[in-house]
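Here is the structure we will look at.
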Amino acid sequence: MILKPPLTDKDVKELKAGDRVLITGKVYAARDAAHKRMEGNPPFDVKGQILYYASPTPTPPGKIIGSIGPTTASRMDAFTPELLKKGLKGMIGKGSRSKEVIEAIKKYKAVYFVVPGGVAALLSKHVKKSRIIAYPELGPEALLELDVVDFPAIAAIDSEGNNILELGKKKFRHGI
Amino acid sequence: MREISVKKITEALKNLCIEANTNVSEDVEEALNKALAREDSPAGREVLRQIIRNIEIARKEKLPLCQDTGTAVVFIELGQDVRLIDGMLEEAINEGVSLGYHKGFLRKSIVDDPLKRKNTGDNTPAVIHTEIVPGEKIKIGLLCKGGGAENRSAIKMFKPTSSKEEIEQFILETVEKAGPDACPPFIVGVGIGGNFDSVTLIAKKALLRPVGRHSSDILIAKWEKELLKKTNDLGIGPMGLGGRTTALVVNIEKRPCHISSLPVAVNIECHAHRYKEITL
């Protein structure tokens with residue numbers, strides 16, 4: 001399935017936990033420090049947009065961007081419901097989310113995507129443009145606008161709260 | 001007595017930082033390939049394929065495997081018959097890390113103060129463990145340890161009368177809590193014994209064994225295999241999407257300890273295991 005942000009409620013409702021998607025368009029990279037700064041007053045309109053919990057390695061000469069994989073999403077949990085209330089529709093990260101975030105995902109109709117951690121060189125190939133749009137003083141934690149093409153992700157928690165991370169584990173659990 | 005210039009240590013560290021972050025060791029790659037061959041979960045297989053593809057891209061293009069290029073954890077085994085010249089050991093190590101992280105375009109992830117949190121800009125200071133050993137050589141090991149997996153590590157002080165089952169439960173609970181967040185499949189380092197400080201260090205040293213090599217203690221080796229099976233029975237799988245491969249190995253190191261104590265530490269390491277060593 002191909003996704004082109006900004007996402008609408010309809011786009012989001014069609015996504016089911018476990019769906020593989022390819023994202024083409026703009027996503028915004030932000031992690032811990034940028035989330036703290038964004039509280040109450042995000043420096044861009046988050047409506048319909050996708051946040052990628054990531055901060056790249058420095059860009060080597062001749063490249064568009066350094067390696068850029070996901071960081072642990074749960075560290076952003078405390079900041080997430082407010083952003084979803086403001087209209088954020090997608091998040092890309094790794095790992096689980098809190099109950100509060102899952103409730104907010106259901107309430108405001110959004111989706112949480114996962115990408116494998118530690119495949120940052122591979123993911124960097126899907127970034128075609130990168131620019132700092134806020135907080136340059138945070139260095140590697142600055143807020144980035146990325147143009148991505150066919151960025152591969154998996155819908156992990158859908159707008160009904162179905163969670164592939166829980167379902168998958170149950171399926172392969174043995175004798176415990 | 002053999003003289004070694006600390007400038008050689010700086011140079012070695014610089015190269016190790018770049019090498020470790022861009023070129024995964026064969027033992028790790030082999031373990032991932034074996035995991036792919038026995039993984040039943042379609043999602044798990046797809047993640048393992050991406051991990052292996054990422055290793056190839058990183059190696060070919062000299063790109064970091066992971067954007068979190070880690071804390072530089074340096075293990076020095078200094079021969080007692082070595083005399084270091086041309087400067088101080090610690091400064092030489094940090095200079096090597098600084099050079100490596102700049103020249104290798106690696107991310108600088110260290111803040112100067114845990115509360116004020118200003119980035120030091122060159123990924124120093126390194127965490128340095130120095131041991132004096134016989135001989136006139138110096139062995140330098142570098143583990144670039146990502147923050148996500150390190151955050152999910154744990155220590156527990158057991159009673160000396162605690163059972164093996166209780167220890168096992170703690171290890172499995174720690175892995176379960178690390179879950180999808182800490183980038184499975186893991187390398188699990190377990191330290192048993194020593195005291196509060198040494199148990200965490202031996203847990204970390206358990207990560208440095210070549211992947212697939214078991215403890216030389218037969219009973220511990222058997223326990224490592226049992227624990228690996230139980231870890232994989234948790235079902236977490238690659239990236240937490242469900243599957244048979246939750247860990248590649250579980251390595252246990254043990255030490256003598258006090259009659260009142262039985263400390264256990266579990267150090268979680270992600271699949272992007274970046275360890276390299278050199279002997280000068």
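Residues are named by chain letter and number: chains run A, B, ... in the order of the structure tokens, numbers start at 1 in each chain, and ligands are numbered from 1 in the order shown.
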request  = DSSP on the backbone, then: every residue of region 76-155 of chain A marked strand (DSSP E), written as a ChimeraX atom specification.
outcome  = /A:90-93,111-114,127-134,143-155
Keeping only N, CA and C atoms, write the selected residues as an mmCIF file, in the first residue's frame.
```cif
data_model
loop_
_atom_site.group_PDB
_atom_site.id
_atom_site.type_symbol
_atom_site.label_atom_id
_atom_site.label_comp_id
_atom_site.auth_asym_id
_atom_site.auth_seq_id
_atom_site.Cartn_x
_atom_site.Cartn_y
_atom_site.Cartn_z
ATOM 1 N N GLY A 90 0.292 10.277 11.916
ATOM 2 C CA GLY A 90 1.158 9.099 11.899
ATOM 3 C C GLY A 90 2.424 9.303 12.688
ATOM 4 N N MET A 91 2.964 8.198 13.189
ATOM 5 C CA MET A 91 4.252 8.211 13.875
ATOM 6 C C MET A 91 5.015 6.991 13.392
ATOM 7 N N ILE A 92 6.324 7.170 13.197
ATOM 8 C CA ILE A 92 7.180 6.035 12.812
ATOM 9 C C ILE A 92 8.245 5.896 13.878
ATOM 10 N N GLY A 93 8.385 4.677 14.411
ATOM 11 C CA GLY A 93 9.407 4.462 15.433
ATOM 12 C C GLY A 93 9.698 2.993 15.570
ATOM 13 N N VAL A 111 -2.237 6.427 13.300
ATOM 14 C CA VAL A 111 -1.614 5.111 13.160
ATOM 15 C C VAL A 111 -0.137 5.212 13.564
ATOM 16 N N TYR A 112 0.313 4.154 14.230
ATOM 17 C CA TYR A 112 1.721 4.088 14.616
ATOM 18 C C TYR A 112 2.402 3.028 13.757
ATOM 19 N N PHE A 113 3.446 3.450 13.040
ATOM 20 C CA PHE A 113 4.193 2.536 12.168
ATOM 21 C C PHE A 113 5.501 2.142 12.849
ATOM 22 N N VAL A 114 5.961 0.931 12.565
ATOM 23 C CA VAL A 114 7.316 0.568 12.998
ATOM 24 C C VAL A 114 8.184 0.279 11.775
ATOM 25 N N VAL A 127 15.570 8.408 1.608
ATOM 26 C CA VAL A 127 15.458 9.850 1.880
ATOM 27 C C VAL A 127 16.079 10.602 0.713
ATOM 28 N N LYS A 128 15.275 11.464 0.092
ATOM 29 C CA LYS A 128 15.763 12.168 -1.093
ATOM 30 C C LYS A 128 16.125 13.618 -0.807
ATOM 31 N N LYS A 129 15.685 14.144 0.320
ATOM 32 C CA LYS A 129 15.990 15.527 0.670
ATOM 33 C C LYS A 129 15.829 15.686 2.178
ATOM 34 N N SER A 130 16.649 16.539 2.765
ATOM 35 C CA SER A 130 16.559 16.759 4.205
ATOM 36 C C SER A 130 16.887 18.211 4.518
ATOM 37 N N ARG A 131 16.051 18.841 5.354
ATOM 38 C CA ARG A 131 16.429 20.188 5.808
ATOM 39 C C ARG A 131 15.965 20.412 7.240
ATOM 40 N N ILE A 132 16.745 21.228 7.957
ATOM 41 C CA ILE A 132 16.399 21.543 9.347
ATOM 42 C C ILE A 132 15.316 22.608 9.326
ATOM 43 N N ILE A 133 14.187 22.338 10.013
ATOM 44 C CA ILE A 133 13.148 23.383 10.040
ATOM 45 C C ILE A 133 13.035 24.038 11.417
ATOM 46 N N ALA A 134 13.643 23.460 12.451
ATOM 47 C CA ALA A 134 13.623 24.112 13.772
ATOM 48 C C ALA A 134 14.676 23.498 14.689
ATOM 49 N N LEU A 143 14.913 19.408 14.539
ATOM 50 C CA LEU A 143 13.703 18.953 13.839
ATOM 51 C C LEU A 143 13.935 19.043 12.330
ATOM 52 N N LEU A 144 13.756 17.921 11.644
ATOM 53 C CA LEU A 144 14.043 17.852 10.204
ATOM 54 C C LEU A 144 12.779 17.611 9.394
ATOM 55 N N GLU A 145 12.763 18.204 8.207
ATOM 56 C CA GLU A 145 11.737 17.852 7.224
ATOM 57 C C GLU A 145 12.413 16.961 6.186
ATOM 58 N N LEU A 146 11.889 15.763 6.008
ATOM 59 C CA LEU A 146 12.498 14.818 5.073
ATOM 60 C C LEU A 146 11.555 14.549 3.906
ATOM 61 N N ASP A 147 12.111 14.488 2.712
ATOM 62 C CA ASP A 147 11.346 13.995 1.568
ATOM 63 C C ASP A 147 11.728 12.537 1.368
ATOM 64 N N VAL A 148 10.772 11.643 1.567
ATOM 65 C CA VAL A 148 11.078 10.221 1.439
ATOM 66 C C VAL A 148 10.348 9.616 0.242
ATOM 67 N N VAL A 149 10.939 8.574 -0.301
ATOM 68 C CA VAL A 149 10.322 7.856 -1.428
ATOM 69 C C VAL A 149 10.293 6.363 -1.094
ATOM 70 N N ASP A 150 9.108 5.787 -1.204
ATOM 71 C CA ASP A 150 8.930 4.346 -0.947
ATOM 72 C C ASP A 150 9.562 3.908 0.374
ATOM 73 N N PHE A 151 9.383 4.727 1.392
ATOM 74 C CA PHE A 151 9.946 4.420 2.713
ATOM 75 C C PHE A 151 9.152 3.258 3.312
ATOM 76 N N PRO A 152 9.803 2.100 3.554
ATOM 77 C CA PRO A 152 9.039 0.902 3.948
ATOM 78 C C PRO A 152 8.736 0.865 5.454
ATOM 79 N N ALA A 153 7.473 0.763 5.789
ATOM 80 C CA ALA A 153 7.090 0.702 7.209
ATOM 81 C C ALA A 153 5.945 -0.288 7.384
ATOM 82 N N ILE A 154 5.698 -0.666 8.618
ATOM 83 C CA ILE A 154 4.609 -1.597 8.929
ATOM 84 C C ILE A 154 3.663 -0.909 9.902
ATOM 85 N N ALA A 155 2.366 -0.936 9.602
ATOM 86 C CA ALA A 155 1.384 -0.382 10.546
ATOM 87 C C ALA A 155 1.370 -1.296 11.761
#
```
With 7 Å as the cut-off and only C-alpha atoms counted, what is the closest atom pair between each nearby residue of chain A and chain B? Distances in Å to one decimal, ordered by chain and number, as a tab-separated table.
```
residue	atom	partner	partner_atom	distance
A:Ser55	CA	B:Gln67	CA	6.9
A:Pro56	CA	B:Gln67	CA	5.3
A:Thr57	CA	B:Arg107	CA	4.5
A:Pro58	CA	B:Phe105	CA	5.2
A:Thr59	CA	B:Phe105	CA	6.8
A:Pro60	CA	B:Phe105	CA	6.0
A:Ser67	CA	B:Gln67	CA	5.1
A:Ile68	CA	B:Gln67	CA	5.2
A:Gly69	CA	B:Gln67	CA	5.9
A:Thr72	CA	B:Asp181	CA	5.7
A:Lys94	CA	B:Asp181	CA	5.9
A:Gly95	CA	B:Asp181	CA	3.8
A:Ser96	CA	B:Asp181	CA	6.3
A:Pro116	CA	B:Met239	CA	5.7
A:Gly117	CA	B:Cys183	CA	5.5
A:Gly118	CA	B:Cys66	CA	4.5
A:Val119	CA	B:Asn54	CA	5.2
A:Ala120	CA	B:Cys66	CA	4.7
A:Ala121	CA	B:Leu65	CA	5.5
A:Leu122	CA	B:Asn54	CA	5.0
A:Ile164	CA	B:Leu241	CA	6.4
A:Leu165	CA	B:Leu241	CA	5.2
A:Gly168	CA	B:Gly242	CA	3.9
A:Lys169	CA	B:Gly242	CA	4.3
A:Lys170	CA	B:Gly235	CA	6.8
A:Lys171	CA	B:Gly242	CA	6.8
A:Phe172	CA	B:Gly235	CA	4.4
A:Arg173	CA	B:Gly235	CA	4.2
A:His174	CA	B:Asp233	CA	4.9
```
Residue among A:Lys36, A:Glu103, A:Leu15, A:Pro5 lying closest to Leu138 (chain A), counting only C-alpha atoms =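 Comparing A:Lys36, A:Glu103, A:Leu15, A:Pro5 against Leu138 (chain A), the winner is A:Lys36.
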message = Counting only C-alpha atoms, which residue out of B:Val264, B:Arg49, B:Gly70, B:Arg152 sits closest to Leu32 (chain B)?
response =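 Comparing B:Val264, B:Arg49, B:Gly70, B:Arg152 against Leu32 (chain B), the winner is B:Arg49.
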message = At a cut-off of 9 Å, using only C-alpha atoms, what residues contact region 194-206 of chain B? Leave out same-chain residues fewer than 2 positions from it and give the result as an NGL selection string.
response = :B and (129 or 154-157 or 188-192 or 208-209 or 250-258 or 261-269)
query = as a PyMOL selection string, which residues of region 26-96 of chain A does DSSP assign to helix (DSSP H, G or I)?
reply = chain A and resi 32-38+73-85
